[in-house]
file work-v6.cif (mmCIF, C-alpha atoms)
data_coords
#
loop_
_atom_site.label_atom_id
_atom_site.label_comp_id
_atom_site.auth_asym_id
_atom_site.auth_seq_id
_atom_site.Cartn_x
_atom_site.Cartn_y
_atom_site.Cartn_z
CA MET X 1 -30.21 20.23 18.51
CA ASP X 2 -28.93 23.80 18.90
CA LYS X 3 -26.13 24.92 16.62
CA GLY X 4 -22.77 24.41 18.27
CA THR X 5 -24.03 21.76 20.67
CA HIS X 6 -21.87 18.64 20.54
CA CYS X 7 -22.60 15.15 21.78
CA GLU X 8 -20.60 11.96 21.66
CA GLY X 9 -20.70 10.22 18.30
CA PRO X 10 -23.44 7.64 17.78
CA SER X 11 -22.82 4.12 19.03
CA LYS X 12 -26.41 2.87 18.80
CA PHE X 13 -29.14 3.02 16.18
CA ASP X 14 -31.32 5.41 18.20
CA GLU X 15 -28.41 7.86 18.36
CA LEU X 16 -27.64 7.42 14.66
CA ILE X 17 -31.11 8.53 13.49
CA ALA X 18 -31.83 11.12 16.23
CA PRO X 19 -33.96 13.19 16.52
CA VAL X 20 -36.22 10.73 14.62
CA SER X 21 -37.40 7.95 16.90
CA ARG X 22 -36.79 4.30 16.10
CA ALA X 23 -40.56 3.62 15.95
CA ASP X 24 -41.17 6.50 13.53
CA PHE X 25 -38.22 5.45 11.37
CA LEU X 26 -39.41 1.84 11.04
CA ALA X 27 -43.00 2.91 10.41
CA ALA X 28 -42.41 5.70 7.89
CA TYR X 29 -38.96 5.32 6.30
CA TRP X 30 -37.47 1.81 6.56
CA GLU X 31 -37.63 0.24 3.05
CA GLN X 32 -40.00 3.04 2.01
CA GLN X 33 -38.50 6.50 1.49
CA PRO X 34 -35.33 8.57 2.07
CA LEU X 35 -34.73 10.37 5.34
CA HIS X 36 -32.55 13.43 5.90
CA CYS X 37 -31.56 14.35 9.46
CA ARG X 38 -30.12 17.88 9.58
CA ARG X 39 -28.24 18.41 12.84
CA ASP X 40 -26.31 21.70 12.61
CA ASP X 41 -23.50 20.06 14.59
CA ALA X 42 -20.33 19.78 12.53
CA GLN X 43 -18.66 17.76 15.30
CA PHE X 44 -21.40 15.14 15.66
CA TYR X 45 -19.34 12.28 14.18
CA GLN X 46 -15.88 13.41 15.25
CA SER X 47 -15.54 10.92 18.11
CA LEU X 48 -16.65 8.18 15.70
CA LEU X 49 -14.13 9.01 12.97
CA SER X 50 -12.49 12.33 12.11
CA THR X 51 -10.83 13.55 8.93
CA GLY X 52 -7.60 13.66 10.93
CA ASP X 53 -8.08 9.96 11.65
CA ILE X 54 -8.57 9.25 7.95
CA GLU X 55 -5.52 11.27 6.91
CA ALA X 56 -3.47 9.33 9.47
CA ILE X 57 -4.82 6.00 8.16
CA LEU X 58 -3.95 6.95 4.58
CA SER X 59 -0.52 8.36 5.43
CA SER X 60 0.56 5.44 7.62
CA GLY X 61 1.37 3.25 4.64
CA ASP X 62 -0.23 0.27 6.39
CA LEU X 63 -3.07 -0.18 3.89
CA ARG X 64 -3.00 -2.72 1.08
CA PHE X 65 -5.31 -3.02 -1.89
CA PRO X 66 -8.27 -3.59 -1.70
CA ALA X 67 -8.42 -1.77 1.68
CA LEU X 68 -7.77 1.41 -0.35
CA GLN X 69 -9.37 1.93 -3.76
CA LEU X 70 -9.81 4.82 -6.20
CA SER X 71 -12.88 5.56 -8.32
CA ARG X 72 -13.56 8.07 -11.10
CA ASN X 73 -16.59 8.58 -13.34
CA GLY X 74 -18.42 5.59 -11.89
CA SER X 75 -15.61 3.08 -12.35
CA PHE X 76 -12.86 1.84 -10.08
CA LEU X 77 -9.32 2.45 -11.27
CA GLY X 78 -7.08 -0.56 -11.77
CA PRO X 79 -4.90 -1.02 -8.69
CA GLU X 80 -1.78 -1.00 -10.89
CA THR X 81 -2.30 2.74 -11.43
CA TYR X 82 -1.76 3.63 -7.77
CA THR X 83 -0.08 0.67 -6.05
CA ARG X 84 3.40 -0.79 -6.25
CA THR X 85 5.43 -3.80 -5.19
CA ILE X 86 8.11 -3.23 -2.54
CA LYS X 87 11.04 -5.57 -1.97
CA HIS X 88 12.64 -5.78 1.45
CA GLY X 89 15.51 -8.22 1.25
CA SER X 90 13.98 -11.46 0.07
CA GLU X 91 10.48 -10.40 1.17
CA VAL X 92 7.99 -8.91 -1.32
CA PHE X 93 5.10 -6.64 -0.29
CA ASN X 94 2.43 -6.52 -2.99
CA ALA X 95 -0.32 -3.96 -3.70
CA VAL X 96 1.19 -1.24 -1.49
CA PRO X 97 -0.48 2.12 -2.25
CA ASP X 98 1.85 4.65 -3.83
CA LEU X 99 0.77 7.68 -1.80
CA HIS X 100 2.19 10.09 -4.37
CA ARG X 101 0.02 8.52 -7.08
CA VAL X 102 -2.98 8.37 -4.76
CA GLN X 103 -2.62 12.10 -4.04
CA ALA X 104 -2.21 12.87 -7.76
CA GLU X 105 -5.30 10.86 -8.78
CA TYR X 106 -7.28 12.46 -5.95
CA GLN X 107 -6.34 15.94 -7.18
CA LEU X 108 -7.52 14.93 -10.65
CA GLY X 109 -10.99 14.10 -9.30
CA ALA X 110 -10.75 10.51 -8.11
CA THR X 111 -12.65 9.46 -4.99
CA ILE X 112 -10.63 7.61 -2.35
CA VAL X 113 -12.60 4.66 -0.97
CA LEU X 114 -11.76 2.77 2.23
CA PRO X 115 -13.99 -0.34 2.09
CA ALA X 116 -14.97 -2.31 5.19
CA LEU X 117 -13.32 0.20 7.52
CA HIS X 118 -15.40 -1.24 10.39
CA ARG X 119 -13.03 -4.21 10.39
CA THR X 120 -10.15 -2.09 11.67
CA TRP X 121 -11.52 1.17 13.12
CA PRO X 122 -12.91 0.81 16.67
CA GLY X 123 -15.70 3.43 16.51
CA LEU X 124 -17.17 2.06 13.28
CA ARG X 125 -16.66 -1.51 14.48
CA ASP X 126 -18.64 -0.83 17.66
CA LEU X 127 -21.43 0.95 15.76
CA CYS X 128 -21.75 -1.92 13.26
CA ARG X 129 -21.72 -4.47 16.08
CA SER X 130 -24.58 -2.59 17.73
CA LEU X 131 -26.59 -2.44 14.49
CA ASP X 132 -25.95 -6.14 13.82
CA ALA X 133 -27.21 -7.05 17.28
CA GLU X 134 -30.34 -4.88 16.99
CA PHE X 135 -31.38 -5.70 13.42
CA ASN X 136 -29.81 -9.15 12.86
CA HIS X 137 -28.93 -7.88 9.37
CA PRO X 138 -25.15 -7.58 8.80
CA SER X 139 -23.75 -4.07 8.40
CA HIS X 140 -20.50 -2.66 7.07
CA ALA X 141 -18.85 0.77 6.91
CA ASN X 142 -17.03 2.37 3.96
CA ALA X 143 -15.35 5.79 3.95
CA TYR X 144 -15.39 8.06 0.87
CA LEU X 145 -13.13 11.07 0.26
CA THR X 146 -14.01 13.20 -2.77
CA PRO X 147 -12.13 16.36 -3.85
CA GLY X 148 -13.92 19.61 -4.61
CA ASN X 149 -15.85 20.01 -7.87
CA ALA X 150 -16.05 16.25 -8.47
CA VAL X 151 -18.69 13.56 -8.85
CA GLY X 152 -18.14 10.53 -6.64
CA PHE X 153 -20.14 7.91 -8.54
CA THR X 154 -22.47 7.98 -11.55
CA PRO X 155 -26.20 7.26 -10.94
CA HIS X 156 -26.79 3.82 -9.46
CA TYR X 157 -28.76 2.01 -6.80
CA ASP X 158 -27.50 -0.25 -4.02
CA THR X 159 -28.95 -3.62 -3.03
CA HIS X 160 -28.43 -2.85 0.66
CA GLU X 161 -29.83 -0.19 2.98
CA VAL X 162 -27.65 2.93 3.04
CA PHE X 163 -26.96 5.37 5.89
CA VAL X 164 -24.73 8.28 4.84
CA LEU X 165 -22.82 10.06 7.65
CA GLN X 166 -21.37 13.40 6.47
CA LEU X 167 -18.11 14.07 8.33
CA GLN X 168 -16.58 17.06 6.56
CA GLY X 169 -17.43 19.38 3.70
CA THR X 170 -20.70 19.32 1.82
CA LYS X 171 -22.08 17.03 -0.84
CA HIS X 172 -25.16 17.50 -2.98
CA TRP X 173 -27.24 14.36 -3.47
CA ARG X 174 -29.80 13.75 -6.20
CA VAL X 175 -32.13 10.83 -5.55
CA TYR X 176 -34.54 9.14 -7.97
CA ASN X 177 -37.37 6.69 -7.31
CA PRO X 178 -36.48 3.00 -7.69
CA PRO X 179 -36.69 1.43 -11.15
CA LEU X 180 -36.96 -1.85 -9.20
CA LYS X 181 -38.50 -1.65 -5.75
CA LEU X 182 -36.44 -3.30 -2.98
CA PRO X 183 -34.00 -5.16 -5.25
CA HIS X 184 -32.57 -8.37 -3.88
CA ARG X 185 -28.79 -8.69 -3.59
CA THR X 186 -28.95 -10.89 -6.72
CA GLN X 187 -30.46 -7.97 -8.70
CA PRO X 188 -27.66 -5.37 -9.04
CA PHE X 189 -28.02 -2.08 -10.87
CA HIS X 190 -27.82 -2.44 -14.67
CA PRO X 191 -26.76 0.94 -16.16
CA PRO X 192 -27.60 0.26 -19.86
CA SER X 193 -31.25 -0.37 -19.02
CA TYR X 194 -31.66 2.81 -16.92
CA ARG X 195 -32.59 6.26 -18.20
CA ILE X 196 -32.11 8.97 -15.62
CA PRO X 197 -35.16 11.27 -15.25
CA ALA X 198 -34.82 14.96 -16.08
CA GLN X 199 -35.43 15.94 -12.46
CA PRO X 200 -34.64 14.12 -9.21
CA ASP X 201 -37.47 13.05 -6.95
CA PHE X 202 -35.50 14.19 -3.91
CA GLU X 203 -32.34 16.24 -3.50
CA VAL X 204 -30.42 17.53 -0.54
CA THR X 205 -27.05 19.01 0.37
CA LEU X 206 -25.47 17.22 3.30
CA SER X 207 -23.44 19.25 5.79
CA PRO X 208 -21.11 17.92 8.50
CA GLY X 209 -23.13 16.06 11.15
CA ASP X 210 -26.04 15.31 8.79
CA LEU X 211 -27.40 11.84 8.02
CA LEU X 212 -29.11 10.57 4.88
CA TYR X 213 -30.93 7.24 4.75
CA LEU X 214 -31.63 5.65 1.35
CA PRO X 215 -33.62 2.43 1.07
CA ARG X 216 -32.15 -0.07 -1.39
CA GLY X 217 -33.24 0.54 -4.96
CA PHE X 218 -33.29 4.36 -4.84
CA VAL X 219 -31.01 5.62 -7.59
CA HIS X 220 -28.60 8.32 -6.42
CA THR X 221 -25.63 10.40 -7.44
CA ALA X 222 -23.67 13.01 -5.50
CA GLU X 223 -21.18 15.77 -6.21
CA THR X 224 -19.06 18.11 -4.14
CA GLY X 225 -18.95 21.89 -4.24
CA PRO X 226 -15.70 23.86 -4.30
CA GLY X 227 -14.45 22.08 -1.17
CA HIS X 228 -13.72 18.41 -0.57
CA SER X 229 -16.14 16.01 1.12
CA VAL X 230 -15.65 13.15 3.57
CA HIS X 231 -18.47 10.78 4.42
CA VAL X 232 -18.97 7.29 5.80
CA THR X 233 -21.62 4.97 4.46
CA ILE X 234 -23.10 2.34 6.75
CA GLY X 235 -24.53 -0.37 4.52
CA MET X 236 -26.95 -2.97 5.87
CA THR X 237 -27.38 -6.11 3.76
CA VAL X 238 -30.79 -7.42 4.73
CA TYR X 239 -32.06 -10.97 4.92
CA THR X 240 -35.37 -11.16 3.06
CA TRP X 241 -38.28 -13.58 2.79
CA ILE X 242 -36.38 -15.00 -0.19
CA GLU X 243 -33.84 -16.42 2.25
CA LEU X 244 -36.64 -18.16 4.18
CA VAL X 245 -38.11 -19.52 0.95
CA SER X 246 -34.63 -20.78 0.10
CA GLU X 247 -34.62 -22.74 3.36
CA LEU X 248 -37.96 -24.25 2.34
CA LEU X 249 -36.60 -25.31 -1.05
CA ALA X 250 -33.44 -26.67 0.55
CA SER X 251 -35.62 -29.03 2.59
CA ALA X 252 -37.33 -30.46 -0.54
CA PRO X 253 -35.11 -33.60 -0.74
CA GLU X 254 -36.57 -34.71 2.60
CA TRP X 255 -39.90 -35.44 0.88
CA GLU X 256 -40.30 -38.71 -1.01
CA ILE X 257 -43.04 -37.35 -3.25
CA LEU X 258 -40.60 -34.76 -4.61
CA ARG X 259 -37.78 -37.28 -5.02
CA ARG X 260 -39.81 -39.36 -7.47
CA ALA X 261 -38.88 -39.24 -11.16
CA LEU X 262 -40.77 -37.05 -13.59
CA PRO X 263 -42.98 -39.05 -16.02
CA ALA X 264 -41.17 -40.92 -18.77
CA GLY X 265 -40.88 -38.73 -21.86
CA PHE X 266 -41.86 -35.59 -19.92
CA ALA X 267 -39.72 -33.35 -22.19
CA ASP X 268 -41.17 -34.75 -25.41
CA PRO X 269 -43.27 -32.17 -27.31
CA THR X 270 -46.21 -34.59 -27.35
CA HIS X 271 -46.27 -35.02 -23.57
CA PRO X 272 -49.26 -33.14 -22.08
CA ARG X 273 -47.76 -30.09 -20.36
CA ALA X 274 -50.99 -29.43 -18.48
CA ASP X 275 -50.68 -32.79 -16.67
CA LEU X 276 -47.10 -31.99 -15.66
CA ALA X 277 -48.03 -28.49 -14.49
CA ARG X 278 -51.00 -29.84 -12.51
CA GLY X 279 -48.80 -32.49 -10.88
CA LEU X 280 -46.24 -29.84 -9.94
CA ALA X 281 -48.92 -27.62 -8.41
CA GLU X 282 -50.33 -30.51 -6.37
CA ARG X 283 -46.93 -31.58 -5.05
CA VAL X 284 -45.84 -28.04 -4.21
CA SER X 285 -49.15 -27.50 -2.41
CA ASP X 286 -48.74 -30.70 -0.38
CA PHE X 287 -45.10 -29.88 0.32
CA ALA X 288 -45.91 -26.34 1.46
CA ARG X 289 -48.82 -27.54 3.62
CA GLN X 290 -46.79 -30.17 5.45
CA ALA X 291 -43.47 -28.31 5.84
CA ASN X 292 -42.24 -27.55 9.35
CA TYR X 293 -42.08 -23.76 9.08
CA GLU X 294 -40.99 -23.20 12.65
CA ARG X 295 -37.99 -25.46 12.09
CA LEU X 296 -37.11 -23.60 8.87
CA VAL X 297 -37.31 -20.23 10.62
CA GLU X 298 -35.13 -21.49 13.45
CA LYS X 299 -32.65 -22.92 10.94
CA LEU X 300 -32.19 -19.52 9.29
CA ALA X 301 -31.98 -17.86 12.71
CA HIS X 302 -29.22 -20.32 13.66
CA LYS X 303 -27.29 -19.41 10.51
CA VAL X 304 -27.60 -15.71 11.27
CA ARG X 305 -26.45 -16.15 14.86
CA ALA X 306 -23.50 -18.28 13.75
CA ALA X 307 -22.50 -15.93 10.92
CA PRO X 308 -18.91 -14.71 10.83
CA PRO X 309 -18.20 -11.43 12.64
CA GLY X 310 -17.45 -8.43 10.46
CA HIS X 311 -14.27 -7.62 12.34
CA PRO X 312 -10.99 -9.45 12.95
CA HIS X 313 -10.65 -11.71 15.96
CA PRO X 314 -8.13 -10.22 18.40
CA ILE X 315 -4.77 -11.94 18.79
CA ARG X 316 -3.65 -12.79 22.33
CA LEU X 317 0.03 -13.51 22.89
CA ASN X 318 -0.13 -14.51 26.55
CA VAL X 319 -1.39 -18.06 25.92
CA GLY X 320 -0.10 -21.60 26.24
CA VAL X 321 -1.02 -25.04 24.99
CA ALA X 322 -4.16 -26.20 26.82
CA GLY X 323 -3.55 -28.75 29.55
CA ALA X 324 -5.89 -30.90 31.63
CA GLN X 325 -6.22 -28.10 34.25
CA THR X 326 -6.51 -25.17 31.81
CA VAL X 327 -9.80 -23.29 32.20
CA LEU X 328 -11.50 -23.07 28.81
CA GLU X 329 -14.66 -21.26 27.76
CA THR X 330 -17.16 -21.58 24.90
CA PRO X 331 -18.86 -18.67 23.11
CA ALA X 332 -22.06 -17.36 24.68
CA PRO X 333 -25.28 -19.32 24.02
CA GLY X 334 -26.86 -18.24 20.75
CA GLN X 335 -23.48 -17.62 19.11
CA PHE X 336 -23.10 -21.22 17.93
CA VAL X 337 -25.28 -24.03 16.63
CA LEU X 338 -24.82 -27.72 17.42
CA ALA X 339 -26.61 -30.36 15.35
CA SER X 340 -26.48 -34.09 14.57
CA GLU X 341 -27.55 -35.70 11.33
CA ASN X 342 -26.73 -38.96 9.54
CA GLY X 343 -24.33 -40.04 12.27
CA GLN X 344 -22.35 -36.81 12.07
CA THR X 345 -22.03 -33.90 14.51
CA THR X 346 -21.89 -30.36 13.09
CA LEU X 347 -20.77 -27.24 14.97
CA LEU X 348 -21.43 -23.80 13.43
CA PHE X 349 -19.93 -20.60 14.87
CA SER X 350 -18.46 -17.34 13.55
CA GLY X 351 -19.00 -18.50 9.99
CA ARG X 352 -17.10 -21.74 10.63
CA VAL X 353 -18.55 -25.21 10.04
CA LEU X 354 -16.86 -28.07 11.89
CA LYS X 355 -18.00 -31.58 10.98
CA MET X 356 -17.08 -34.34 13.43
CA PRO X 357 -17.96 -37.99 14.10
CA GLY X 358 -21.27 -38.54 15.87
CA ALA X 359 -19.48 -40.30 18.73
CA ILE X 360 -18.01 -36.99 19.84
CA ARG X 361 -21.46 -35.49 20.52
CA LYS X 362 -21.66 -36.45 24.22
CA THR X 363 -18.36 -34.77 25.01
CA LEU X 364 -19.34 -31.71 22.99
CA ASP X 365 -22.69 -31.51 24.79
CA ALA X 366 -20.86 -31.63 28.14
CA ILE X 367 -18.53 -28.82 27.03
CA CYS X 368 -21.41 -26.62 25.85
CA ALA X 369 -23.46 -27.29 29.00
CA ALA X 370 -20.53 -26.34 31.25
CA ARG X 371 -19.62 -23.21 29.25
CA ARG X 372 -16.48 -22.87 31.42
CA PHE X 373 -14.57 -26.02 32.32
CA ARG X 374 -11.33 -27.94 32.67
CA ALA X 375 -10.64 -30.94 30.46
CA ALA X 376 -9.90 -32.99 33.57
CA ASP X 377 -13.44 -32.33 34.88
CA LEU X 378 -15.30 -33.46 31.76
CA PRO X 379 -17.17 -36.79 31.79
CA GLN X 380 -14.86 -39.47 30.48
CA TYR X 381 -16.80 -40.44 27.36
CA LEU X 382 -13.35 -40.50 25.72
CA ASP X 383 -10.09 -41.53 27.28
CA GLU X 384 -8.01 -38.81 28.92
CA GLY X 385 -5.68 -38.32 25.96
CA ALA X 386 -8.49 -38.16 23.41
CA THR X 387 -10.44 -35.65 25.55
CA LEU X 388 -7.43 -33.37 25.82
CA ALA X 389 -6.71 -33.68 22.09
CA PHE X 390 -10.34 -32.78 21.32
CA VAL X 391 -10.42 -29.64 23.48
CA ARG X 392 -7.11 -28.55 21.96
CA TYR X 393 -8.64 -29.01 18.52
CA LEU X 394 -11.65 -26.87 19.46
CA GLN X 395 -9.32 -24.23 20.88
CA SER X 396 -7.19 -24.18 17.72
CA GLU X 397 -10.34 -23.74 15.62
CA GLY X 398 -11.37 -20.75 17.73
CA PHE X 399 -14.40 -22.29 19.45
CA LEU X 400 -12.75 -22.49 22.88
CA SER X 401 -10.70 -19.78 24.54
CA ALA X 402 -8.62 -19.88 27.70
CA THR X 403 -9.72 -17.78 30.67
CA GLU X 404 -8.11 -17.04 34.01
CA THR X 405 -11.34 -17.11 36.01
CA PHE X 406 -13.42 -20.08 37.12
CA PRO X 407 -16.57 -20.20 39.27
#
call {"tool": "encode", "arguments": {"input": "work-v6.cif", "output": "structure tokens"}}
result
Amino acid sequence: MDKGTHCEGPSKFDELIAPVSRADFLAAYWEQQPLHCRRDDAQFYQSLLSTGDIEAILSSGDLRFPALQLSRNGSFLGPETYTRTIKHGSEVFNAVPDLHRVQAEYQLGATIVLPALHRTWPGLRDLCRSLDAEFNHPSHANAYLTPGNAVGFTPHYDTHEVFVLQLQGTKHWRVYNPPLKLPHRTQPFHPPSYRIPAQPDFEVTLSPGDLLYLPRGFVHTAETGPGHSVHVTIGMTVYTWIELVSELLASAPEWEILRRALPAGFADPTHPRADLARGLAERVSDFARQANYERLVEKLAHKVRAAPPGHPHPIRLNVGVAGAQTVLETPAPGQFVLASENGQTTLLFSGRVLKMPGAIRKTLDAICAARRFRAADLPQYLDEGATLAFVRYLQSEGFLSATETFP
């Protein structure tokens, strides 16, 4: 990209990593090594989020802890150092940032952190939605504001994939090879056990418009020059093969051979451990050989598709209580999971789990098959009053929404 050329901010993964192609990124960098994209376009991210936007967010007074946090020397400051309680009549507003204290701490070298900004800022929300849909791994966006001549965080690694978007100023990054390759989210960085090498394995100064990708496990630290720095980090928390293995283990109670008691006296020192180990190996082998792996994969896929969205659900004021003729609509196929087990019906969607009597399944199947319907038009598996009460329940739980159109 020529210097001075400006394009709209990225809204898709291909645009985020340009000029590197998606195929090259997945083949050469994903989970393997850092990537630096130098763009020479200081305005590249401005339509996504500008420093003016961030200053307005901070100055509005709308934030509450933990939506605004401060960090210095690798540790987060206690919220009591920069927040206060405000009384308005009989109402009490807790954890309101004291902007004077925030400014003072910032000038003393603290980094201002805006966690999960994708929940409330449209550009970051749309980018994270796009990444979630493409990768099926949930993403989030944090903003970091660091004053000049300061270190944001001490050396550490993250247990999620990291994409750094430099918005303003410059920041010098030092990156070190992983002490633990591809750490799982249950294996966080442990500072006392880490000794930082004398020289980094990779270092780069990010300028506005640049991108830096760091696979999880790569230790990193960054510091500003004389001027302040603003960057956004897109973090992607990946599902791993461990999650699939966990589904396999969760299915173990289905197998009688694994539900049988261990031999009497198995913990006694005189009990032959070799026999117990051999029995375990045989049972695990039989269990693994007979497991329905396709069902386990689909079960995890269902959980991913029904996971809660990383952004608030919009509030609509122009609504009324659902009636028999109200047109209602379900989420799109693939965004919910319907299952029956042990005489119970379970509905999973947007991170919610609704458990209902098995007798309701026929009505729920009819609702899901119709996608858009009126309660009056549903098959009368229940009486009219019970049907209407059920659809109102599903609407109140967020599974059904009213619509003004009907085929």
call {"tool": "resolve_selection", "arguments": {"input": "work-v6.cif", "expression": "the PyMOL selection byres ((chain X and resi 76-87) around 10)", "output": "ChimeraX atom specification"}}
result
/X:64-66,68-75,88-105,110-113,153
call {"tool": "residues_near_point", "arguments": {"input": "work-v6.cif", "point": "(-26.0, -33.3, 15.1)", "cutoff": "12 Å", "atoms": "only C-alpha atoms", "output": "PyMOL selection string"}}
result
chain X and resi 337-348+354-362+364-365
call {"tool": "write_last_selection", "arguments": {"input": "work-v6.cif", "atoms": "C-alpha atoms", "output": "PDB file, in the frame of the given file"}}
result
ATOM      1  CA  VAL X 337     -25.280 -24.030  16.630  1.00  0.00           C
ATOM      2  CA  LEU X 338     -24.820 -27.720  17.420  1.00  0.00           C
ATOM      3  CA  ALA X 339     -26.610 -30.360  15.350  1.00  0.00           C
ATOM      4  CA  SER X 340     -26.480 -34.090  14.570  1.00  0.00           C
ATOM      5  CA  GLU X 341     -27.550 -35.700  11.330  1.00  0.00           C
ATOM      6  CA  ASN X 342     -26.730 -38.960   9.540  1.00  0.00           C
ATOM      7  CA  GLY X 343     -24.330 -40.040  12.270  1.00  0.00           C
ATOM      8  CA  GLN X 344     -22.350 -36.810  12.070  1.00  0.00           C
ATOM      9  CA  THR X 345     -22.030 -33.900  14.510  1.00  0.00           C
ATOM     10  CA  THR X 346     -21.890 -30.360  13.090  1.00  0.00           C
ATOM     11  CA  LEU X 347     -20.770 -27.240  14.970  1.00  0.00           C
ATOM     12  CA  LEU X 348     -21.430 -23.800  13.430  1.00  0.00           C
ATOM     13  CA  LEU X 354     -16.860 -28.070  11.890  1.00  0.00           C
ATOM     14  CA  LYS X 355     -18.000 -31.580  10.980  1.00  0.00           C
ATOM     15  CA  MET X 356     -17.080 -34.340  13.430  1.00  0.00           C
ATOM     16  CA  PRO X 357     -17.960 -37.990  14.100  1.00  0.00           C
ATOM     17  CA  GLY X 358     -21.270 -38.540  15.870  1.00  0.00           C
ATOM     18  CA  ALA X 359     -19.480 -40.300  18.730  1.00  0.00           C
ATOM     19  CA  ILE X 360     -18.010 -36.990  19.840  1.00  0.00           C
ATOM     20  CA  ARG X 361     -21.460 -35.490  20.520  1.00  0.00           C
ATOM     21  CA  LYS X 362     -21.660 -36.450  24.220  1.00  0.00           C
ATOM     22  CA  LEU X 364     -19.340 -31.710  22.990  1.00  0.00           C
ATOM     23  CA  ASP X 365     -22.690 -31.510  24.790  1.00  0.00           C
TER      24      ASP X 365
END
call {"tool": "closest_residue", "arguments": {"input": "work-v6.cif", "among": "X:Leu249, X:Ala150, X:Ala291, X:Leu214", "to": "His228 of chain X", "atoms": "all atoms listed in the file"}}
result
X:Ala150
call {"tool": "closest_atom_pairs", "arguments": {"input": "work-v6.cif", "of": "segment 156-248 of chain X", "to": "segment 129-143 of chain X", "cutoff": "12 Å", "atoms": "all atoms listed in the file", "output": "tab-separated table"}}
result
residue	atom	partner	partner_atom	distance
X:His160	CA	X:Ser139	CA	9.1
X:Glu161	CA	X:Ser139	CA	9.0
X:Val162	CA	X:Ser139	CA	9.6
X:Phe163	CA	X:Ala141	CA	9.4
X:Val164	CA	X:Ala143	CA	9.7
X:Leu165	CA	X:Ala143	CA	9.4
X:Gln166	CA	X:Ala143	CA	10.0
X:Leu167	CA	X:Ala143	CA	9.8
X:Gln168	CA	X:Ala143	CA	11.6
X:Ser229	CA	X:Ala143	CA	10.6
X:Val230	CA	X:Ala143	CA	7.4
X:His231	CA	X:Ala143	CA	5.9
X:Val232	CA	X:Ala143	CA	4.3
X:Thr233	CA	X:Asn142	CA	5.3
X:Ile234	CA	X:Ala141	CA	4.5
X:Gly235	CA	X:His140	CA	5.3
X:Met236	CA	X:Ser139	CA	4.2
X:Thr237	CA	X:Pro138	CA	5.7
X:Val238	CA	X:His137	CA	5.0
X:Tyr239	CA	X:His137	CA	6.3
X:Thr240	CA	X:His137	CA	9.6
call {"tool": "axis_aligned_box", "arguments": {"input": "work-v6.cif", "around": "segment 260-267 of chain X", "padding_each_side": "5 Å", "output": "lines of an AutoDock Vina configuration file"}}
result
center_x = -40.9
center_y = -37.1
center_z = -14.8
size_x = 14.1
size_y = 17.6
size_z = 24.7
call {"tool": "closest_residue", "arguments": {"input": "work-v6.cif", "among": "X:Val20, X:Val151, X:Val319, X:Leu400", "to": "Cys368 of chain X", "atoms": "only C-alpha atoms"}}
result
X:Leu400
call {"tool": "resolve_selection", "arguments": {"input": "work-v6.cif", "expression": "the PyMOL selection byres ((chain X and resi 196) around 9)", "output": "VMD selection string"}}
result
chain X and resid 155 176 194 to 195 197 to 200 219
call {"tool": "resolve_selection", "arguments": {"input": "work-v6.cif", "expression": "the PyMOL selection byres ((chain X and resi 254-258) around 10)", "output": "NGL selection string"}}
result
:X and (250-253 or 259-262 or 280 or 283-284 or 286-287 or 290-291)
call {"tool": "closest_residue", "arguments": {"input": "work-v6.cif", "among": "X:Pro179, X:Gly279, X:Gly61, X:Pro191", "to": "Phe218 of chain X", "atoms": "all atoms listed in the file"}}
result
X:Pro179
call {"tool": "atom_distance", "arguments": {"input": "work-v6.cif", "atom1": "atom CA of Leu378 of chain X", "atom2": "atom CA of Pro333 of chain X"}}
result
19.0 Å
call {"tool": "closest_residue", "arguments": {"input": "work-v6.cif", "among": "X:Ala56, X:Leu328, X:Ile242, X:Val353", "to": "Arg392 of chain X", "atoms": "all atoms listed in the file"}}
result
X:Leu328
call {"tool": "residues_around", "arguments": {"input": "work-v6.cif", "residues": "Gly9 of chain X", "least_positions_apart": "3", "cutoff": "10 Å", "atoms": "only C-alpha atoms", "output": "number ranges by chain"}}
result
X: 6, 12, 15-16, 43-49, 123, 127, 209
call {"tool": "build_atoms", "arguments": {"input": "work-v6.cif", "residues": "segment 187-193 of chain X", "atoms": "N, CA and C atoms", "output": "JSON list (two decimals), keeping the file's coordinate frame"}}
result
[["chain", "number", "residue", "atom", "x", "y", "z"],
["X", 187, "GLN", "N", -29.93, -8.83, -7.65],
["X", 187, "GLN", "CA", -30.46, -7.97, -8.70],
["X", 187, "GLN", "C", -29.73, -6.62, -8.72],
["X", 188, "PRO", "N", -28.43, -6.62, -9.07],
["X", 188, "PRO", "CA", -27.66, -5.37, -9.04],
["X", 188, "PRO", "C", -28.11, -4.39, -10.11],
["X", 189, "PHE", "N", -27.69, -3.15, -9.92],
["X", 189, "PHE", "CA", -28.02, -2.08, -10.87],
["X", 189, "PHE", "C", -27.43, -2.39, -12.25],
["X", 190, "HIS", "N", -28.25, -2.15, -13.29],
["X", 190, "HIS", "CA", -27.82, -2.44, -14.67],
["X", 190, "HIS", "C", -27.87, -1.13, -15.45],
["X", 191, "PRO", "N", -26.75, -0.40, -15.55],
["X", 191, "PRO", "CA", -26.76, 0.94, -16.16],
["X", 191, "PRO", "C", -27.36, 1.03, -17.56],
["X", 192, "PRO", "N", -27.06, 0.09, -18.50],
["X", 192, "PRO", "CA", -27.60, 0.26, -19.86],
["X", 192, "PRO", "C", -29.12, 0.30, -19.93],
["X", 193, "SER", "N", -29.80, -0.31, -18.97],
["X", 193, "SER", "CA", -31.25, -0.37, -19.02],
["X", 193, "SER", "C", -31.91, 0.81, -18.29]]
